[in-house]
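J.: The following file, entry.txt, comprises compact mmCIF, C-alpha atoms and all ligand atoms:
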# COMPACT_ATOMS: atom_id res chain seq x y z
CA MET A 1 70.14 78.57 -73.45
CA ASP A 2 73.24 79.80 -75.28
CA ALA A 3 76.32 77.69 -75.93
CA VAL A 4 78.35 79.23 -73.10
CA THR A 5 75.61 78.62 -70.54
CA ALA A 6 75.19 75.08 -71.85
CA ALA A 7 78.91 74.39 -71.57
CA THR A 8 78.95 75.34 -67.89
CA SER A 9 75.66 73.67 -66.94
CA LEU A 10 75.69 71.84 -63.61
CA THR A 11 73.18 69.37 -65.00
CA SER A 12 74.76 66.70 -67.18
CA LEU A 13 71.54 65.10 -68.26
CA ASP A 14 67.95 66.21 -68.25
CA VAL A 15 65.30 63.90 -69.68
CA SER A 16 61.75 65.15 -69.66
CA GLY A 17 58.57 63.33 -70.69
CA LEU A 18 60.53 61.02 -73.02
CA ALA A 19 58.22 58.62 -74.82
CA PHE A 20 59.19 56.33 -77.67
CA ALA A 21 57.56 53.62 -79.77
CA TYR A 22 59.51 51.40 -82.19
CA PRO A 23 58.36 51.41 -85.82
CA ASP A 24 56.44 48.16 -85.23
CA GLY A 25 54.30 50.08 -82.74
CA HIS A 26 55.89 48.63 -79.59
CA GLN A 27 55.86 51.37 -76.96
CA ALA A 28 59.15 51.07 -75.04
CA LEU A 29 59.19 54.36 -73.09
CA TYR A 30 56.06 55.97 -71.66
CA GLY A 31 57.27 59.32 -70.30
CA VAL A 32 60.66 59.18 -68.63
CA ASP A 33 61.77 62.07 -66.41
CA LEU A 34 65.22 62.17 -64.88
CA THR A 35 67.98 64.61 -64.05
CA ILE A 36 71.61 63.75 -63.42
CA ALA A 37 73.98 66.36 -62.00
CA LYS A 38 77.50 66.86 -63.26
CA GLY A 39 79.89 64.38 -61.65
CA GLU A 40 77.22 61.99 -60.33
CA ARG A 41 77.54 58.22 -60.78
CA VAL A 42 74.11 56.72 -61.29
CA ALA A 43 73.07 53.13 -61.96
CA LEU A 44 70.14 52.42 -64.28
CA LEU A 45 68.52 49.22 -63.06
CA GLY A 46 65.49 47.33 -64.29
CA PRO A 47 64.29 43.98 -65.57
CA ASN A 48 64.80 42.66 -69.09
CA GLY A 49 62.72 44.61 -71.56
CA ALA A 50 62.26 47.60 -69.22
CA GLY A 51 63.50 50.08 -71.83
CA LYS A 52 67.04 50.71 -70.51
CA THR A 53 68.79 50.31 -73.87
CA THR A 54 66.05 52.30 -75.60
CA LEU A 55 66.62 55.13 -73.12
CA VAL A 56 70.41 54.99 -73.55
CA LEU A 57 70.09 55.15 -77.34
CA HIS A 58 68.27 58.46 -76.93
CA LEU A 59 71.13 60.02 -75.00
CA ASN A 60 73.33 60.52 -78.06
CA GLY A 61 70.62 60.66 -80.68
CA ILE A 62 70.88 57.12 -82.09
CA LEU A 63 67.13 57.13 -81.43
CA THR A 64 65.20 60.37 -81.37
CA ALA A 65 62.40 61.19 -78.98
CA GLY A 66 58.87 60.39 -80.09
CA ALA A 67 57.74 62.87 -77.44
CA GLY A 68 59.54 64.82 -74.74
CA SER A 69 63.11 66.00 -74.68
CA VAL A 70 66.67 65.03 -73.80
CA ARG A 71 69.27 67.65 -72.92
CA VAL A 72 72.96 67.04 -72.35
CA ALA A 73 74.64 69.83 -70.36
CA GLY A 74 71.74 72.00 -71.43
CA LEU A 75 72.06 71.22 -75.15
CA PRO A 76 68.98 69.61 -76.71
CA VAL A 77 69.70 66.27 -78.37
CA ASP A 78 68.55 67.11 -81.87
CA ARG A 79 69.86 67.01 -85.40
CA ALA A 80 71.40 70.50 -85.21
CA ASN A 81 73.57 69.58 -82.19
CA MET A 82 74.39 65.99 -83.10
CA ALA A 83 78.18 66.33 -83.52
CA GLU A 84 78.52 68.13 -80.18
CA ILE A 85 76.16 65.70 -78.45
CA ARG A 86 78.14 62.68 -79.72
CA ARG A 87 81.32 64.29 -78.37
CA ARG A 88 79.70 64.90 -75.00
CA VAL A 89 77.97 61.53 -74.55
CA GLY A 90 80.26 58.55 -74.72
CA ILE A 91 78.55 55.17 -74.81
CA VAL A 92 80.50 52.02 -74.00
CA PHE A 93 78.48 49.16 -75.45
CA GLN A 94 78.30 45.76 -73.83
CA ASP A 95 80.37 44.04 -76.51
CA PRO A 96 83.75 45.77 -76.93
CA ASP A 97 84.04 44.25 -80.40
CA ASP A 98 81.24 46.60 -81.50
CA GLN A 99 83.62 49.45 -80.75
CA LEU A 100 87.06 48.17 -81.79
CA PHE A 101 87.69 47.78 -85.50
CA MET A 102 91.13 49.28 -86.26
CA PRO A 103 94.42 47.35 -86.68
CA THR A 104 95.88 48.66 -83.40
CA VAL A 105 94.65 49.84 -80.04
CA ARG A 106 96.26 53.25 -80.68
CA GLU A 107 94.31 53.73 -83.92
CA ASP A 108 91.06 52.69 -82.29
CA VAL A 109 91.52 55.21 -79.47
CA ALA A 110 92.61 57.92 -81.92
CA PHE A 111 89.66 57.30 -84.24
CA GLY A 112 87.08 59.57 -82.55
CA PRO A 113 89.34 62.57 -81.88
CA ALA A 114 90.88 62.24 -85.39
CA ALA A 115 87.41 62.22 -86.93
CA ALA A 116 86.74 65.41 -84.96
CA GLY A 117 89.79 66.98 -86.63
CA MET A 118 92.54 66.45 -84.06
CA ARG A 119 96.03 65.73 -85.43
CA GLY A 120 99.71 65.34 -84.52
CA ALA A 121 101.11 65.70 -81.00
CA GLU A 122 97.76 66.80 -79.57
CA LEU A 123 96.10 63.64 -80.86
CA GLU A 124 98.92 61.42 -79.60
CA ALA A 125 98.74 63.04 -76.16
CA ARG A 126 94.96 62.51 -76.09
CA VAL A 127 95.41 58.82 -76.96
CA VAL A 128 98.12 58.26 -74.36
CA ARG A 129 96.03 60.02 -71.70
CA ALA A 130 92.95 57.89 -72.42
CA LEU A 131 94.95 54.65 -72.47
CA THR A 132 96.73 55.60 -69.23
CA MET A 133 93.38 56.24 -67.53
CA VAL A 134 92.41 52.62 -68.16
CA GLY A 135 95.90 51.20 -67.54
CA MET A 136 96.38 50.06 -71.14
CA GLU A 137 99.15 52.39 -72.36
CA GLU A 138 101.54 49.46 -72.85
CA TYR A 139 99.14 47.86 -75.30
CA ALA A 140 98.94 50.78 -77.74
CA ASP A 141 100.57 48.95 -80.64
CA ARG A 142 98.76 45.63 -80.17
CA PRO A 143 95.88 44.53 -82.38
CA PRO A 144 92.70 44.69 -80.26
CA HIS A 145 91.73 41.15 -81.28
CA HIS A 146 94.87 39.83 -79.55
CA LEU A 147 93.70 41.19 -76.20
CA SER A 148 91.59 39.45 -73.57
CA PHE A 149 87.92 40.38 -73.23
CA GLY A 150 88.60 42.43 -70.10
CA GLN A 151 91.44 44.29 -71.83
CA ARG A 152 89.22 44.95 -74.86
CA ARG A 153 86.54 46.38 -72.59
CA ARG A 154 89.10 48.74 -71.06
CA VAL A 155 90.23 49.83 -74.53
CA ALA A 156 86.58 50.38 -75.46
CA VAL A 157 86.29 52.66 -72.41
CA ALA A 158 89.47 54.47 -73.58
CA THR A 159 88.01 55.05 -77.08
CA VAL A 160 85.17 56.91 -75.40
CA LEU A 161 87.34 58.74 -72.83
CA ALA A 162 89.53 59.99 -75.68
CA MET A 163 86.60 62.19 -76.68
CA GLU A 164 86.64 63.72 -73.17
CA PRO A 165 82.90 63.21 -72.78
CA GLU A 166 80.61 65.00 -70.38
CA ILE A 167 78.79 61.75 -69.63
CA LEU A 168 80.12 58.22 -69.79
CA VAL A 169 77.32 55.72 -70.36
CA LEU A 170 78.20 52.08 -69.81
CA ASP A 171 76.02 49.15 -70.80
CA GLU A 172 76.65 46.20 -68.48
CA PRO A 173 80.28 47.10 -67.79
CA SER A 174 80.92 44.15 -65.46
CA SER A 175 79.51 41.44 -67.74
CA ASN A 176 81.96 38.66 -68.67
CA LEU A 177 84.72 40.04 -66.47
CA ASP A 178 86.58 37.86 -63.98
CA PRO A 179 86.53 39.12 -60.37
CA ALA A 180 89.92 40.87 -60.62
CA SER A 181 89.04 42.60 -63.91
CA ARG A 182 85.66 43.57 -62.47
CA ARG A 183 87.34 45.20 -59.49
CA GLU A 184 90.00 46.89 -61.66
CA LEU A 185 87.31 48.39 -63.88
CA ALA A 186 85.48 49.62 -60.77
CA ASP A 187 88.70 51.30 -59.62
CA ILE A 188 89.07 52.95 -63.04
CA LEU A 189 85.47 54.18 -63.08
CA ARG A 190 85.81 55.54 -59.55
CA SER A 191 88.95 57.44 -60.52
CA LEU A 192 87.33 59.29 -63.45
CA ASP A 193 86.17 62.86 -63.12
CA VAL A 194 83.12 62.40 -65.31
CA THR A 195 79.38 61.88 -64.96
CA VAL A 196 78.60 58.16 -65.18
CA LEU A 197 75.35 56.41 -66.06
CA MET A 198 75.76 52.67 -65.79
CA VAL A 199 73.16 50.20 -67.03
CA THR A 200 73.56 47.03 -65.05
CA HIS A 201 71.95 43.86 -63.76
CA ASP A 202 74.92 43.49 -61.38
CA LEU A 203 73.35 44.97 -58.27
CA PRO A 204 76.43 44.63 -56.02
CA TYR A 205 78.41 46.53 -58.67
CA ALA A 206 75.76 49.26 -58.70
CA LEU A 207 75.98 49.48 -54.91
CA GLU A 208 79.75 49.58 -54.96
CA LEU A 209 80.03 52.29 -57.62
CA CYS A 210 76.88 54.35 -57.72
CA PRO A 211 75.54 56.30 -54.75
CA ARG A 212 72.26 56.74 -56.65
CA SER A 213 70.17 54.35 -58.74
CA LEU A 214 67.16 54.63 -60.98
CA ILE A 215 64.80 51.72 -61.58
CA LEU A 216 63.31 51.75 -65.05
CA SER A 217 60.40 49.37 -65.33
CA GLY A 218 57.70 49.12 -67.97
CA GLY A 219 59.07 52.20 -69.74
CA VAL A 220 58.85 54.56 -66.74
CA ILE A 221 61.13 55.50 -63.85
CA ALA A 222 59.67 53.46 -61.00
CA ALA A 223 62.17 54.52 -58.34
CA ASP A 224 65.00 57.00 -57.90
CA GLY A 225 67.05 57.05 -54.73
CA ALA A 226 70.13 55.99 -52.81
CA THR A 227 71.25 52.64 -54.19
CA GLY A 228 71.47 51.08 -50.71
CA ASP A 229 67.91 52.19 -49.85
CA LEU A 230 66.47 50.74 -53.07
CA LEU A 231 68.28 47.40 -52.77
CA VAL A 232 67.00 46.75 -49.23
CA ASP A 233 63.40 47.49 -50.21
CA GLU A 234 62.25 43.93 -50.78
CA GLU A 235 58.79 44.88 -52.02
CA LEU A 236 60.19 47.33 -54.56
CA MET A 237 62.78 44.81 -55.72
CA ARG A 238 60.18 42.05 -56.16
CA ALA A 239 57.79 44.37 -57.98
CA HIS A 240 60.46 45.08 -60.61
CA ARG A 241 61.97 41.60 -60.89
CA LEU A 242 65.25 42.65 -59.29
CA GLU A 243 67.07 39.99 -57.29
CA LEU A 244 70.21 40.22 -55.23
CA PRO A 245 72.74 37.39 -55.60
CA PHE A 246 72.22 34.58 -53.08
CA GLY A 247 73.64 35.55 -49.69
CA PHE A 248 74.42 39.15 -50.67
CA ASP A 249 73.43 41.61 -47.95
CA PRO A 250 73.47 45.23 -49.12
CA ARG A 251 73.41 46.37 -45.48
CA ALA A 252 76.82 44.78 -44.95
CA VAL A 253 78.40 46.86 -47.74
CA ALA A 254 79.62 50.36 -47.04
CA PRO A 255 77.64 52.79 -49.21
CA SER A 256 79.54 53.99 -52.27
CA VAL A 257 81.11 57.37 -52.00
CA GLY A 258 80.33 59.89 -54.73
N1 LIG B 1 64.01 47.29 -82.64
C1 LIG B 1 62.94 47.03 -81.87
N2 LIG B 1 61.71 46.93 -82.40
C2 LIG B 1 60.62 46.70 -81.64
N3 LIG B 1 60.66 46.55 -80.30
C3 LIG B 1 61.86 46.64 -79.71
C4 LIG B 1 63.07 46.88 -80.45
N4 LIG B 1 64.11 46.92 -79.57
C5 LIG B 1 63.58 46.72 -78.35
N5 LIG B 1 62.24 46.55 -78.42
C6 LIG B 1 61.30 46.31 -77.30
O1 LIG B 1 61.32 47.46 -76.47
C7 LIG B 1 61.26 47.06 -75.10
C8 LIG B 1 62.44 47.66 -74.36
O2 LIG B 1 63.63 47.03 -74.84
P1 LIG B 1 65.07 47.45 -74.31
O3 LIG B 1 66.08 46.68 -75.12
O4 LIG B 1 65.17 48.92 -74.27
O5 LIG B 1 65.03 46.87 -72.82
P2 LIG B 1 66.21 46.69 -71.75
O6 LIG B 1 65.69 47.24 -70.47
O7 LIG B 1 67.47 47.26 -72.28
O8 LIG B 1 66.31 45.11 -71.62
P3 LIG B 1 67.56 44.12 -71.28
O9 LIG B 1 67.78 44.25 -69.79
O10 LIG B 1 67.00 42.79 -71.64
O11 LIG B 1 68.74 44.54 -72.10
C9 LIG B 1 61.21 45.54 -75.06
O12 LIG B 1 59.89 45.14 -74.91
C10 LIG B 1 61.74 45.14 -76.43
O13 LIG B 1 61.16 43.94 -76.87
As structure tokens - that is how I would like this structure written.
Ligand SMILES: Nc1ncnc2c1ncn2[C@@H]1O[C@H](COP(=O)(O)OP(=O)(O)OP(=O)(O)O)[C@@H](O)[C@H]1O
T.:
Amino acid sequence: MDAVTAATSLTSLDVSGLAFAYPDGHQALYGVDLTIAKGERVALLGPNGAGKTTLVLHLNGILTAGAGSVRVAGLPVDRANMAEIRRRVGIVFQDPDDQLFMPTVREDVAFGPAAAGMRGAELEARVVRALTMVGMEEYADRPPHHLSFGQRRRVAVATVLAMEPEILVLDEPSSNLDPASRRELADILRSLDVTVLMVTHDLPYALELCPRSLILSGGVIAADGATGDLLVDEELMRAHRLELPFGFDPRAVAPSVG
């Protein structure tokens, strides 16, 4: 596939036969197949140790496939395409402090685009746009370490959005957020015109935000379907150690809209 075809691909992510063992021999992925279309919001569910983080680390080449392939908008994730892949796949890690290291919020958000060569008014506009998307434009000149956890998570999302990624990958985005911050982040994610893959143990959040979910279990995709359908399947949930919060009834929640 040539670069032009890749750039206009309707598939954001295509993972095929992905297998991976860590250097100590531990096999974490056994042959993962999945496709995510442009603009979809998909939750990646699964018990501890299922391989979710291992899979995510393959999406921008932090880990490279032992076997199989990963393509982002048609581009293979390999050494030759790494700069373009890292621009297209934005990963928001669970701990915002892994992503924020500059003296001000503005510099943190500018870091990625500046490293890609952007300068001057274009860079400033990019930073303002990303901060506005997460409602943090008024905090541009503050040191990140003076912000609350929820605000730092939003800035971490902005650092990734500033790269205008094809896919936004979020690792446990709702963890450690109070209910209002959790809802505000959901509103932000819903407002974005970007493909989203969200790793989460927060099943109500998955239902609220993601019309589709994947269950990764034992290093393979064990289920792929409408989030509401998966969450009401008690046998499936039990088989993969997934539990809804006490009293939560997925049938009572309106299905998320794409
Ligand atoms: N650096 C490593 N070396 C060896 N094994 C590892 C390494 N990192 C993870 N593993 C193993 O690979 C498997 C998958 O781990 P991974 O972190 O991908 O799971 P996960 O689904 O993200 O789990 P959690 O929900 O707990 O975050 C686990 O059995 C884990 O112990």
J.: Distance limit 8 Å, reference ligand LIG 1 (chain B), atoms considered: all atoms listed in the file. Which residues make the cut? Give them as JSON, numbers by chain.
T.: {"A": [21, 22, 23, 24, 25, 26, 27, 28, 29, 46, 47, 48, 49, 50, 51, 52, 53, 54, 55, 200, 201, 216, 217, 219]}
J.: What lies within 12 Å of stretch 112-128 of chain A using only C-alpha atoms, ignoring chain neighbours under 4 positions off, as a PyMOL selection string?
T.: chain A and resi 83-84+86-88+90+99-100+102+105-108+132-141+155-165
J.: Using atom CA of A:Val15 and atom CA of A:Val109 as the two end points, give the distance in Å to one decimal.
T.: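 Interatomic distance here is 29.3 Å.
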J.: Using only C-alpha atoms, find the one residue out of A:Val42, A:Ala73, A:Ala222, A:Leu192 that sits nearest to A:Ala130.
T.: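 Ranked by minimum distance to A:Ala130, first place goes to A:Leu192.
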J.: Choose the residue, out of A:Val92, A:Val70, A:Leu13, A:Leu63, that has the smallest atom-to-atom separation from A:Gly39; count all atoms listed in the file.
T.: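 Ranking A:Val92, A:Val70, A:Leu13, A:Leu63 by distance to A:Gly39, first place goes to A:Leu13.
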J.: If you measure from atom CA of A:Asn176 to atom CA of A:Arg152, what distance in Å do you get, rounded to one decimal?
T.: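 Separation between atom CA of A:Asn176 and atom CA of A:Arg152: 11.4 Å.
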J.: Could you state the separation of atom CA of A:Glu234 and atom CA of A:Phe246 in Å, given to one decimal place?
T.: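 Atom CA of A:Phe246 lies at a distance of 13.9 Å from atom CA of A:Glu234.
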J.: Applying 7 Å and only C-alpha atoms, which residues near A:Ser12 remain after dropping the ones on its own chain fewer than 2 positions away? List them as a ChimeraX atom specification.
T.: /A:10,14,36-38,72-73,166-167
J.: Keeping only C-alpha atoms, take the residues you just selected and write them out as a PDB file, in the coordinates of the input.
T.:
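Saved file out31.pdb follows:
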ATOM      1  CA  LEU A  10      75.690  71.840 -63.610  1.00  0.00           C
ATOM      2  CA  ASP A  14      67.950  66.210 -68.250  1.00  0.00           C
ATOM      3  CA  ILE A  36      71.610  63.750 -63.420  1.00  0.00           C
ATOM      4  CA  ALA A  37      73.980  66.360 -62.000  1.00  0.00           C
ATOM      5  CA  LYS A  38      77.500  66.860 -63.260  1.00  0.00           C
ATOM      6  CA  VAL A  72      72.960  67.040 -72.350  1.00  0.00           C
ATOM      7  CA  ALA A  73      74.640  69.830 -70.360  1.00  0.00           C
ATOM      8  CA  GLU A 166      80.610  65.000 -70.380  1.00  0.00           C
ATOM      9  CA  ILE A 167      78.790  61.750 -69.630  1.00  0.00           C
TER      10      ILE A 167
END
J.: Since the input is missing atoms, can you rebuild N, CA and C atoms for stretch 61-85 of chain A and write them as a tab-separated table (two decimals), in the frame of the given file?
T.:
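See rebuild35.tsv below for the written result:
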chain	number	residue	atom	x	y	z
A	61	GLY	N	71.35	60.44	-79.44
A	61	GLY	CA	70.62	60.66	-80.68
A	61	GLY	C	70.61	59.49	-81.65
A	62	ILE	N	71.00	58.28	-81.20
A	62	ILE	CA	70.88	57.12	-82.09
A	62	ILE	C	69.38	56.89	-82.34
A	63	LEU	N	68.59	57.06	-81.28
A	63	LEU	CA	67.13	57.13	-81.43
A	63	LEU	C	66.71	58.56	-81.08
A	64	THR	N	65.65	59.02	-81.71
A	64	THR	CA	65.20	60.37	-81.37
A	64	THR	C	63.80	60.32	-80.77
A	65	ALA	N	63.60	61.21	-79.81
A	65	ALA	CA	62.40	61.19	-78.98
A	65	ALA	C	61.13	61.24	-79.82
A	66	GLY	N	60.20	60.31	-79.51
A	66	GLY	CA	58.87	60.39	-80.09
A	66	GLY	C	58.16	61.58	-79.49
A	67	ALA	N	58.29	61.72	-78.15
A	67	ALA	CA	57.74	62.87	-77.44
A	67	ALA	C	58.65	63.17	-76.27
A	68	GLY	N	58.68	64.42	-75.85
A	68	GLY	CA	59.54	64.82	-74.74
A	68	GLY	C	60.89	65.28	-75.23
A	69	SER	N	61.81	65.46	-74.28
A	69	SER	CA	63.11	66.00	-74.68
A	69	SER	C	64.24	65.39	-73.87
A	70	VAL	N	65.43	65.44	-74.47
A	70	VAL	CA	66.67	65.03	-73.80
A	70	VAL	C	67.65	66.18	-73.97
A	71	ARG	N	68.25	66.61	-72.86
A	71	ARG	CA	69.27	67.65	-72.92
A	71	ARG	C	70.53	67.16	-72.26
A	72	VAL	N	71.65	67.41	-72.90
A	72	VAL	CA	72.96	67.04	-72.35
A	72	VAL	C	73.69	68.35	-72.06
A	73	ALA	N	74.02	68.56	-70.78
A	73	ALA	CA	74.64	69.83	-70.36
A	73	ALA	C	73.88	71.02	-70.94
A	74	GLY	N	72.58	70.90	-70.97
A	74	GLY	CA	71.74	72.00	-71.43
A	74	GLY	C	71.46	72.00	-72.92
A	75	LEU	N	72.24	71.23	-73.68
A	75	LEU	CA	72.06	71.22	-75.15
A	75	LEU	C	71.00	70.20	-75.54
A	76	PRO	N	69.98	70.59	-76.28
A	76	PRO	CA	68.98	69.61	-76.71
A	76	PRO	C	69.60	68.57	-77.66
A	77	VAL	N	69.24	67.31	-77.44
A	77	VAL	CA	69.70	66.27	-78.37
A	77	VAL	C	68.80	66.36	-79.60
A	78	ASP	N	69.29	67.04	-80.61
A	78	ASP	CA	68.55	67.11	-81.87
A	78	ASP	C	69.55	67.17	-83.02
A	79	ARG	N	69.02	67.12	-84.21
A	79	ARG	CA	69.86	67.01	-85.40
A	79	ARG	C	70.91	68.13	-85.48
A	80	ALA	N	70.51	69.34	-85.08
A	80	ALA	CA	71.40	70.50	-85.21
A	80	ALA	C	72.63	70.37	-84.31
A	81	ASN	N	72.47	69.67	-83.17
A	81	ASN	CA	73.57	69.58	-82.19
A	81	ASN	C	74.28	68.23	-82.21
A	82	MET	N	73.99	67.39	-83.20
A	82	MET	CA	74.39	65.99	-83.10
A	82	MET	C	75.89	65.79	-82.91
A	83	ALA	N	76.73	66.53	-83.65
A	83	ALA	CA	78.18	66.33	-83.52
A	83	ALA	C	78.63	66.65	-82.09
A	84	GLU	N	78.13	67.73	-81.54
A	84	GLU	CA	78.52	68.13	-80.18
A	84	GLU	C	77.98	67.13	-79.15
A	85	ILE	N	76.75	66.68	-79.37
A	85	ILE	CA	76.16	65.70	-78.45
A	85	ILE	C	76.97	64.40	-78.46
